[in-house]
Each structure stands twice: as C-alpha cells, then as structure tokens.
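Pasting structure_21.cif here (mmCIF, C-alpha atoms; chains and numbers go by the auth columns):
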```cif
data_coords
#
loop_
_atom_site.group_PDB
_atom_site.id
_atom_site.type_symbol
_atom_site.label_atom_id
_atom_site.label_comp_id
_atom_site.label_asym_id
_atom_site.label_seq_id
_atom_site.Cartn_x
_atom_site.Cartn_y
_atom_site.Cartn_z
_atom_site.B_iso_or_equiv
_atom_site.auth_seq_id
_atom_site.auth_asym_id
ATOM 1 C CA MET A 1 -18.542 -57.235 -26.554 0.00 1 A
ATOM 2 C CA PHE A 2 -20.783 -54.243 -25.804 0.00 2 A
ATOM 3 C CA LYS A 3 -20.485 -54.751 -22.042 0.00 3 A
ATOM 4 C CA ARG A 4 -16.725 -55.107 -22.337 0.00 4 A
ATOM 5 C CA ASN A 5 -16.403 -51.869 -24.327 0.00 5 A
ATOM 6 C CA ARG A 6 -18.671 -50.113 -21.881 0.00 6 A
ATOM 7 C CA ARG A 7 -16.532 -51.296 -18.976 0.00 7 A
ATOM 8 C CA ILE A 8 -13.369 -50.058 -20.715 0.00 8 A
ATOM 9 C CA LEU A 9 -14.974 -46.639 -21.317 0.00 9 A
ATOM 10 C CA LEU A 10 -16.065 -46.391 -17.673 0.00 10 A
ATOM 11 C CA ILE A 11 -12.588 -47.303 -16.446 0.00 11 A
ATOM 12 C CA ALA A 12 -11.026 -44.740 -18.823 0.00 12 A
ATOM 13 C CA ALA A 13 -13.463 -42.062 -17.652 0.00 13 A
ATOM 14 C CA MET A 14 -12.674 -42.814 -14.011 0.00 14 A
ATOM 15 C CA VAL A 15 -8.931 -42.649 -14.665 0.00 15 A
ATOM 16 C CA ILE A 16 -9.339 -39.267 -16.391 0.00 16 A
ATOM 17 C CA LEU A 17 -11.547 -37.959 -13.577 0.00 17 A
ATOM 18 C CA LEU A 18 -9.113 -39.116 -10.895 0.00 18 A
ATOM 19 C CA SER A 19 -6.226 -37.545 -12.820 0.00 19 A
ATOM 20 C CA LEU A 20 -8.090 -34.216 -13.019 0.00 20 A
ATOM 21 C CA LEU A 21 -8.933 -34.375 -9.315 0.00 21 A
ATOM 22 C CA THR A 22 -5.281 -35.072 -8.515 0.00 22 A
ATOM 23 C CA VAL A 23 -4.141 -32.082 -10.594 0.00 23 A
ATOM 24 C CA VAL A 24 -6.736 -29.750 -9.058 0.00 24 A
ATOM 25 C CA THR A 25 -5.870 -30.969 -5.559 0.00 25 A
ATOM 26 C CA TYR A 26 -2.172 -30.317 -6.141 0.00 26 A
ATOM 27 C CA MET A 27 -2.890 -26.872 -7.566 0.00 27 A
ATOM 28 C CA TYR A 28 -5.045 -26.033 -4.569 0.00 28 A
ATOM 29 C CA MET A 29 -2.360 -27.222 -2.152 0.00 29 A
ATOM 30 C CA ASN A 30 0.127 -25.067 -4.034 0.00 30 A
ATOM 31 C CA GLU A 31 -1.982 -21.923 -4.320 0.00 31 A
ATOM 32 C CA ARG A 32 -3.989 -21.867 -1.089 0.00 32 A
ATOM 33 C CA SER A 33 -3.083 -19.368 1.591 0.00 33 A
ATOM 34 C CA GLY A 34 -0.075 -20.813 3.399 0.00 34 A
ATOM 35 C CA GLY A 35 0.429 -23.446 0.683 0.00 35 A
ATOM 36 C CA LEU A 36 3.479 -24.557 -1.253 0.00 36 A
ATOM 37 C CA ALA A 37 3.798 -21.311 -3.231 0.00 37 A
ATOM 38 C CA ASP A 38 3.746 -19.308 0.000 0.00 38 A
ATOM 39 C CA ARG A 39 6.423 -21.583 1.462 0.00 39 A
ATOM 40 C CA ARG A 40 8.692 -20.820 -1.494 0.00 40 A
ATOM 41 C CA ILE A 41 8.210 -17.066 -1.045 0.00 41 A
ATOM 42 C CA SER A 42 8.873 -17.427 2.673 0.00 42 A
ATOM 43 C CA LYS A 43 12.185 -19.153 1.938 0.00 43 A
ATOM 44 C CA VAL A 44 13.170 -16.364 -0.471 0.00 44 A
ATOM 45 C CA TRP A 45 12.510 -13.903 2.352 0.00 45 A
ATOM 46 C CA GLY A 46 14.519 -16.022 4.754 0.00 46 A
ATOM 47 C CA LEU A 47 11.543 -16.506 7.092 0.00 47 A
ATOM 48 C CA ASN A 48 11.307 -19.383 9.527 0.00 48 A
ATOM 49 C CA GLU A 49 7.501 -19.425 9.348 0.00 49 A
ATOM 50 C CA THR A 50 5.282 -19.579 6.269 0.00 50 A
ATOM 51 C CA ILE A 51 3.466 -16.391 5.320 0.00 51 A
ATOM 52 C CA HIS A 52 -0.182 -16.638 4.278 0.00 52 A
ATOM 53 C CA ILE A 53 -1.004 -14.828 1.029 0.00 53 A
ATOM 54 C CA PRO A 54 -4.757 -14.675 0.297 0.00 54 A
ATOM 55 C CA ILE A 55 -6.404 -15.339 -3.064 0.00 55 A
ATOM 56 C CA ALA A 56 -8.414 -12.438 -4.533 0.00 56 A
ATOM 57 C CA ASN A 57 -10.709 -11.847 -7.502 0.00 57 A
ATOM 58 C CA SER A 58 -8.501 -9.217 -9.160 0.00 58 A
ATOM 59 C CA PRO A 59 -4.816 -8.172 -9.223 0.00 59 A
ATOM 60 C CA GLU A 60 -5.702 -4.964 -7.359 0.00 60 A
ATOM 61 C CA GLY A 61 -7.578 -6.996 -4.770 0.00 61 A
ATOM 62 C CA ALA A 62 -4.629 -9.360 -4.385 0.00 62 A
ATOM 63 C CA VAL A 63 -2.336 -6.448 -3.541 0.00 63 A
ATOM 64 C CA GLN A 64 -4.804 -4.788 -1.184 0.00 64 A
ATOM 65 C CA GLU A 65 -5.628 -7.996 0.677 0.00 65 A
ATOM 66 C CA PHE A 66 -1.963 -8.853 1.175 0.00 66 A
ATOM 67 C CA ARG A 67 -0.864 -5.334 2.120 0.00 67 A
ATOM 68 C CA GLY A 68 -3.805 -4.890 4.487 0.00 68 A
ATOM 69 C CA LYS A 69 -6.417 -2.255 5.206 0.00 69 A
ATOM 70 C CA PHE A 70 -3.796 0.434 5.775 0.00 70 A
ATOM 71 C CA TYR A 71 -2.619 0.249 2.150 0.00 71 A
ATOM 72 C CA THR A 72 -3.555 3.720 0.924 0.00 72 A
ATOM 73 C CA SER A 73 -1.581 3.947 -2.322 0.00 73 A
ATOM 74 C CA GLN A 74 -3.498 4.614 -5.532 0.00 74 A
ATOM 75 C CA PHE A 75 -2.993 2.380 -8.554 0.00 75 A
ATOM 76 C CA ILE A 76 -1.785 4.490 -11.474 0.00 76 A
ATOM 77 C CA HIS A 77 -0.840 1.927 -14.125 0.00 77 A
ATOM 78 C CA GLN A 78 -0.797 -1.787 -14.832 0.00 78 A
ATOM 79 C CA GLU A 79 0.893 -3.985 -17.408 0.00 79 A
ATOM 80 C CA ALA A 80 -0.054 -7.540 -18.308 0.00 80 A
ATOM 81 C CA VAL A 81 2.951 -9.881 -18.253 0.00 81 A
ATOM 82 C CA ASP A 82 3.376 -13.599 -18.755 0.00 82 A
ATOM 83 C CA GLY A 83 1.471 -15.253 -15.927 0.00 83 A
ATOM 84 C CA GLY A 84 0.146 -12.173 -14.229 0.00 84 A
ATOM 85 C CA MET A 85 0.031 -8.407 -13.848 0.00 85 A
ATOM 86 C CA ILE A 86 2.510 -5.711 -12.878 0.00 86 A
ATOM 87 C CA LEU A 87 0.852 -2.832 -11.008 0.00 87 A
ATOM 88 C CA PHE A 88 2.249 0.574 -10.114 0.00 88 A
ATOM 89 C CA ALA A 89 0.883 2.528 -7.171 0.00 89 A
ATOM 90 C CA GLN A 90 1.614 5.917 -5.670 0.00 90 A
ATOM 91 C CA LYS A 91 0.857 7.895 -2.555 0.00 91 A
ATOM 92 C CA LYS A 92 0.125 11.585 -2.659 0.00 92 A
ATOM 93 C CA GLY A 93 3.392 12.998 -1.431 0.00 93 A
ATOM 94 C CA ARG A 94 4.763 16.303 -0.357 0.00 94 A
ATOM 95 C CA ASP A 95 6.520 18.780 -2.651 0.00 95 A
ATOM 96 C CA ASN A 96 9.984 17.627 -3.746 0.00 96 A
ATOM 97 C CA ASN A 97 9.119 14.072 -2.737 0.00 97 A
ATOM 98 C CA SER A 98 8.699 11.112 -5.095 0.00 98 A
ATOM 99 C CA ASN A 99 7.293 7.719 -4.215 0.00 99 A
ATOM 100 C CA LEU A 100 6.422 4.758 -6.374 0.00 100 A
ATOM 101 C CA GLN A 101 5.451 1.173 -5.586 0.00 101 A
ATOM 102 C CA MET A 102 5.620 -1.818 -7.922 0.00 102 A
ATOM 103 C CA GLU A 103 3.511 -4.924 -7.223 0.00 103 A
ATOM 104 C CA PHE A 104 3.337 -8.232 -9.079 0.00 104 A
ATOM 105 C CA ALA A 105 0.226 -10.427 -8.848 0.00 105 A
ATOM 106 C CA ARG A 106 0.018 -13.865 -10.448 0.00 106 A
ATOM 107 C CA LYS A 107 -3.064 -15.425 -12.040 0.00 107 A
ATOM 108 C CA ASN A 108 -4.091 -18.985 -11.185 0.00 108 A
ATOM 109 C CA ILE A 109 -7.276 -21.032 -11.658 0.00 109 A
ATOM 110 C CA PHE A 110 -8.605 -19.875 -8.280 0.00 110 A
ATOM 111 C CA GLY A 111 -7.988 -16.140 -8.737 0.00 111 A
ATOM 112 C CA TRP A 112 -5.087 -13.752 -8.155 0.00 112 A
ATOM 113 C CA LYS A 113 -2.236 -13.892 -5.635 0.00 113 A
ATOM 114 C CA TRP A 114 0.314 -11.256 -4.711 0.00 114 A
ATOM 115 C CA VAL A 115 3.853 -12.473 -5.384 0.00 115 A
ATOM 116 C CA TRP A 116 6.341 -9.650 -4.937 0.00 116 A
ATOM 117 C CA GLY A 117 6.682 -5.905 -4.670 0.00 117 A
ATOM 118 C CA GLY A 118 8.955 -3.029 -3.828 0.00 118 A
ATOM 119 C CA GLY A 119 9.008 0.718 -3.729 0.00 119 A
ATOM 120 C CA TYR A 120 10.784 3.880 -2.669 0.00 120 A
ATOM 121 C CA SER A 121 10.245 7.363 -1.279 0.00 121 A
ATOM 122 C CA ILE A 122 12.905 9.880 -2.308 0.00 122 A
ATOM 123 C CA SER A 123 13.158 13.575 -1.426 0.00 123 A
ATOM 124 C CA GLU A 124 14.776 15.823 -4.014 0.00 124 A
ATOM 125 C CA PRO A 125 17.521 18.062 -2.591 0.00 125 A
ATOM 126 C CA LEU A 126 17.159 21.795 -3.102 0.00 126 A
ATOM 127 C CA GLN A 127 20.749 22.222 -4.294 0.00 127 A
ATOM 128 C CA ALA A 128 20.510 19.697 -7.161 0.00 128 A
ATOM 129 C CA LYS A 129 18.095 18.720 -9.915 0.00 129 A
ATOM 130 C CA PHE A 130 17.027 15.109 -10.347 0.00 130 A
ATOM 131 C CA ALA A 131 16.589 13.616 -13.809 0.00 131 A
ATOM 132 C CA LEU A 132 14.763 10.492 -12.656 0.00 132 A
ATOM 133 C CA ASN A 133 14.425 8.020 -9.805 0.00 133 A
ATOM 134 C CA TYR A 134 14.891 4.278 -10.076 0.00 134 A
ATOM 135 C CA MET A 135 14.544 0.973 -8.274 0.00 135 A
ATOM 136 C CA SER A 136 16.034 -2.381 -9.244 0.00 136 A
ATOM 137 C CA ILE A 137 14.186 -5.654 -8.590 0.00 137 A
ATOM 138 C CA PRO A 138 16.307 -8.824 -8.791 0.00 138 A
ATOM 139 C CA LYS A 139 15.390 -12.218 -10.191 0.00 139 A
ATOM 140 C CA LEU A 140 13.721 -14.462 -7.598 0.00 140 A
ATOM 141 C CA GLU A 141 15.116 -17.949 -7.207 0.00 141 A
ATOM 142 C CA LYS A 142 12.522 -20.739 -7.622 0.00 142 A
ATOM 143 C CA VAL A 143 9.715 -18.160 -8.024 0.00 143 A
ATOM 144 C CA SER A 144 8.085 -17.495 -11.394 0.00 144 A
ATOM 145 C CA ALA A 145 8.129 -13.713 -11.896 0.00 145 A
ATOM 146 C CA PRO A 146 9.083 -11.237 -14.685 0.00 146 A
ATOM 147 C CA PHE A 147 12.289 -10.123 -12.982 0.00 147 A
ATOM 148 C CA PRO A 148 14.889 -8.666 -13.031 0.00 148 A
ATOM 149 C CA MET A 149 13.389 -5.299 -13.840 0.00 149 A
ATOM 150 C CA LEU A 150 14.034 -1.620 -13.241 0.00 150 A
ATOM 151 C CA PHE A 151 11.401 1.070 -12.807 0.00 151 A
ATOM 152 C CA GLY A 152 11.018 4.599 -11.577 0.00 152 A
ATOM 153 C CA ASP A 153 9.497 8.021 -12.109 0.00 153 A
ATOM 154 C CA ILE A 154 10.760 10.788 -14.366 0.00 154 A
ATOM 155 C CA ILE A 155 11.460 14.168 -12.779 0.00 155 A
ATOM 156 C CA ASP A 156 12.959 16.139 -15.689 0.00 156 A
ATOM 157 C CA SER A 157 10.154 16.768 -18.177 0.00 157 A
ATOM 158 C CA THR A 158 12.604 17.044 -21.094 0.00 158 A
ATOM 159 C CA ILE A 159 13.398 13.321 -20.908 0.00 159 A
ATOM 160 C CA ARG A 160 11.980 11.405 -23.863 0.00 160 A
ATOM 161 C CA ARG A 161 13.936 8.149 -23.754 0.00 161 A
ATOM 162 C CA VAL A 162 15.385 5.948 -21.019 0.00 162 A
ATOM 163 C CA THR A 163 17.626 2.956 -21.686 0.00 163 A
ATOM 164 C CA VAL A 164 19.286 0.281 -19.575 0.00 164 A
ATOM 165 C CA GLU A 165 22.518 -1.274 -20.788 0.00 165 A
ATOM 166 C CA ILE A 166 23.782 -4.665 -19.626 0.00 166 A
ATOM 167 C CA LYS A 167 26.548 -7.009 -20.676 0.00 167 A
ATOM 168 C CA GLU A 168 25.662 -10.509 -21.851 0.00 168 A
ATOM 169 C CA ASN A 169 28.693 -12.750 -22.402 0.00 169 A
ATOM 170 C CA GLY A 170 30.880 -9.662 -22.398 0.00 170 A
ATOM 171 C CA LYS A 171 28.834 -7.954 -25.127 0.00 171 A
ATOM 172 C CA PRO A 172 26.796 -4.793 -24.359 0.00 172 A
ATOM 173 C CA GLU A 173 23.038 -4.912 -24.940 0.00 173 A
ATOM 174 C CA THR A 174 20.640 -1.979 -24.719 0.00 174 A
ATOM 175 C CA PHE A 175 16.994 -2.193 -23.634 0.00 175 A
ATOM 176 C CA ASP A 176 14.565 0.688 -24.108 0.00 176 A
ATOM 177 C CA ALA A 177 12.331 1.412 -21.144 0.00 177 A
ATOM 178 C CA LYS A 178 8.628 1.962 -21.571 0.00 178 A
ATOM 179 C CA LEU A 179 7.560 5.508 -20.648 0.00 179 A
ATOM 180 C CA VAL A 180 3.967 5.978 -19.471 0.00 180 A
ATOM 181 C CA GLU A 181 2.098 9.151 -18.547 0.00 181 A
ATOM 182 C CA THR A 182 0.190 8.482 -15.333 0.00 182 A
ATOM 183 C CA GLY A 183 -1.207 11.951 -14.679 0.00 183 A
ATOM 184 C CA GLU A 184 -0.654 15.631 -15.282 0.00 184 A
ATOM 185 C CA ASN A 185 3.116 16.171 -15.440 0.00 185 A
ATOM 186 C CA GLN A 186 3.609 12.628 -14.134 0.00 186 A
ATOM 187 C CA GLN A 187 5.503 9.943 -15.993 0.00 187 A
ATOM 188 C CA ILE A 188 6.929 6.573 -14.994 0.00 188 A
ATOM 189 C CA TRP A 189 9.378 4.258 -16.746 0.00 189 A
ATOM 190 C CA TYR A 190 10.099 0.554 -16.512 0.00 190 A
ATOM 191 C CA VAL A 191 12.030 -2.151 -18.334 0.00 191 A
ATOM 192 C CA PHE A 192 12.150 -5.947 -18.069 0.00 192 A
ATOM 193 C CA LEU A 193 15.578 -7.537 -18.447 0.00 193 A
ATOM 194 C CA PRO A 194 16.562 -11.094 -19.436 0.00 194 A
ATOM 195 C CA SER A 195 16.591 -13.546 -16.540 0.00 195 A
ATOM 196 C CA SER A 196 20.345 -13.972 -17.073 0.00 196 A
ATOM 197 C CA ALA A 197 21.050 -10.240 -16.577 0.00 197 A
ATOM 198 C CA ASN A 198 23.261 -9.212 -13.679 0.00 198 A
ATOM 199 C CA PRO A 199 24.633 -5.855 -12.481 0.00 199 A
ATOM 200 C CA PRO A 200 26.245 -3.583 -13.292 0.00 200 A
ATOM 201 C CA TYR A 201 23.413 -1.878 -15.176 0.00 201 A
ATOM 202 C CA THR A 202 23.829 1.485 -16.885 0.00 202 A
ATOM 203 C CA ILE A 203 20.790 3.773 -16.916 0.00 203 A
ATOM 204 C CA LYS A 204 20.787 6.553 -19.500 0.00 204 A
ATOM 205 C CA ALA A 205 18.257 9.352 -20.070 0.00 205 A
ATOM 206 C CA TYR A 206 17.939 11.354 -23.293 0.00 206 A
ATOM 207 C CA ASP A 207 15.983 14.401 -24.449 0.00 207 A
ATOM 208 C CA GLU A 208 13.896 14.567 -27.628 0.00 208 A
ATOM 209 C CA LYS A 209 16.972 15.437 -29.720 0.00 209 A
ATOM 210 C CA GLY A 210 18.845 12.405 -28.461 0.00 210 A
ATOM 211 C CA ASN A 211 21.154 14.362 -26.202 0.00 211 A
ATOM 212 C CA LEU A 212 22.314 12.507 -23.116 0.00 212 A
ATOM 213 C CA ILE A 213 20.865 14.210 -20.019 0.00 213 A
ATOM 214 C CA SER A 214 22.123 11.821 -17.373 0.00 214 A
ATOM 215 C CA ASN A 215 23.623 8.363 -16.897 0.00 215 A
ATOM 216 C CA LYS A 216 24.603 6.178 -13.980 0.00 216 A
ATOM 217 C CA ASP A 217 26.091 2.726 -13.367 0.00 217 A
ATOM 218 C CA ILE A 218 24.023 0.629 -10.953 0.00 218 A
ATOM 219 C CA GLU A 219 26.001 -1.970 -9.040 0.00 219 A
ATOM 220 C CA GLU A 220 23.233 -3.391 -6.838 0.00 220 A
ATOM 221 C CA SER A 221 20.465 -5.710 -8.042 0.00 221 A
ATOM 222 C CA ASP A 222 17.951 -4.636 -5.385 0.00 222 A
ATOM 223 C CA GLY A 223 18.572 -0.965 -4.670 0.00 223 A
ATOM 224 C CA SER A 224 17.073 2.421 -5.422 0.00 224 A
ATOM 225 C CA GLY A 225 18.320 5.929 -6.040 0.00 225 A
ATOM 226 C CA SER A 226 18.331 8.885 -8.417 0.00 226 A
ATOM 227 C CA LEU A 227 20.085 10.280 -11.451 0.00 227 A
ATOM 228 C CA LEU A 228 21.060 13.953 -11.428 0.00 228 A
ATOM 229 C CA VAL A 229 20.817 16.174 -14.514 0.00 229 A
ATOM 230 C CA GLY A 230 24.288 16.444 -16.052 0.00 230 A
ATOM 231 C CA GLU A 231 25.597 13.523 -14.020 0.00 231 A
#
```

For the structure just supplied, provide its representation as structure tokens.
Amino acid sequence: MFKRNRRILLIAAMVILLSLLTVVTYMYMNERSGGLADRRISKVWGLNETIHIPIANSPEGAVQEFRGKFYTSQFIHQEAVDGGMILFAQKKGRDNNSNLQMEFARKNIFGWKWVWGGGYSISEPLQAKFALNYMSIPKLEKVSAPFPMLFGDIIDSTIRRVTVEIKENGKPETFDAKLVETGENQQIWYVFLPSSANPPYTIKAYDEKGNLISNKDIEESDGSGSLLVGE
C-alpha cells in the first residue's frame, strides 16, 4: 500500500511539473523577442515581417531598448494600469512648441516589454492662443492594452478641468481626465475610455469657476491636434 501511494504521489508530482514546464514554455514562446506577442503587434502594424521587441528589467528600460539609443526624451510621469505601465515622455522643445510621447509597457514573468506608443509635436501659431493639445490612441485588436485613450498637454494655465464625452448606445457619457503637474508651468492630461468607445469624442476644457474655455469634436480615433481658446 505504501509503495502504491508513493508511486501515485510521484506520478502526480511529475504531471504537475510537466504542466508547469508547459505553461512556462508557452509563456516564453509568447513573450520572447520575435515571439507570438510580437507577431500579433506586427499584424496590427500591417508588417510582413515580425518585429523583435526586447525584454527589459523596468518599464523605462523597455521603452528605451525598443526605441533605441537615439531615444532622448525624458520621462515626466507614469501611471500603473492593469497589466502594465503608461509612461509619458517629453523632449526639450523650442518656444511655442509642444511635444509629448505616450508609451505603454506590459509586465510579464520575464520582465517588461514595450507594447505601443504615440506622440506629437505641435507649434503654436502666433495669431491664435491654444487651450490644450491632444492625441487619440485607438483600441488595438487582439492586443491587451488600456486603450482607447486620449492625452495631451495643457497650454492655457487657467484650465482646471478637462472632460471627454462619448455616446454609448446613443446616451452621452462624460469622463473626467486626470490632470498632472509635470514641472514648472507644465501640466498634462489623460483619460482612459471604455473599450467599446468610438468617435466622435468631444473634448471640453473648463476654468476653476466651471466656465467653458474651449471644446472640440474629434472624429478620428488615432489623430492629434489642438483646441483654441474660445473655440
């Protein structure tokens, strides 16, 4: 009886070990540079060849390793999201020029991998006054990421609230953006929308008294632009 029970325990242990090895092997094949996850991203990009995204020890490292040694933007803010980290980066620009980059890195058992990113560089015209800049990031098919989202930087210092309105099943819904100070006289905003959200989006900016400073309807799911004061 003892030998039989021992044999059963050994068989059970071997089955568990083989199952764990199978899971780890699959995860490695999925996450390794050029693996299954990279193939999915490549298809989203419409590439014929698979890109190779390296694994890093930190979300910042994941972005820098993917972008390459010429990536000179400075990280100014990060936000933990389900499954990973959203990072915002900025280059030192010229006067009347705004630039902002959003990067998403995903956590796995081997480290961090870059998943998606986007950014803009916008020059403010001398004959008009910008309220804020924005960029829209669409939902990615078959890729786990906290999109759609909108983000940008605030130009008019009187802005205290930014909202994005969408329509779900014909009913309007309003989402408050998060405003974050990233430096002296520097402020960014961003908002995550439900995965079912689709354009048009309406961006609105308010001052501390609740007065509407600017608003704009956004028709594209992956564009960028600006809102003018009084628009």

Can you tell me which residues surround region 145-162 of chain A at a distance of at most 6 Å, considering only C-alpha atoms, apart from same-chain residues fewer than 6 positions away, and format the answer as number ranges by chain? A: 131-139, 177, 187-193, 204-208

For the structure provided, state which residues fall under the PyMOL selection byres ((chain A and resi 40-56) around 12), and present them as an NGL selection string. :A and (28 or 30-39 or 57-68 or 105-117 or 138-145)

Selection: 7 Å around Phe175 (chain A), all atoms listed in the file, excl. self and same-chain fewer than 6 positions, as a VMD selection string: chain A and resid 163 to 165

Between CA of Ser226 (chain A) and CA of Gly84 (chain A), what distance in Å does the model show, to one decimal? 28.4 Å

From the options A:Ala197, A:Glu184, A:Gln101, A:Ile213, which residue's atoms come nearest to Lys171 (chain A), counting all atoms listed in the file? A:Ala197

In Å to one decimal, how far is CA of Ile76 (chain A) from CA of Leu227 (chain A)? 22.6 Å

CA of Asn99 (chain A) and CA of Ile122 (chain A), how far apart in Å? 6.3 Å

Box for region 44-49 of chain A: with edges along x, y and z, all listed atoms inside and 6 Å added on each side, what are the centre and edge lengths in Å to one decimal, as lines of an AutoDock Vina configuration file?
```
center_x = 11.0
center_y = -16.7
center_z = 4.5
size_x = 19.0
size_y = 17.5
size_z = 22.0
```
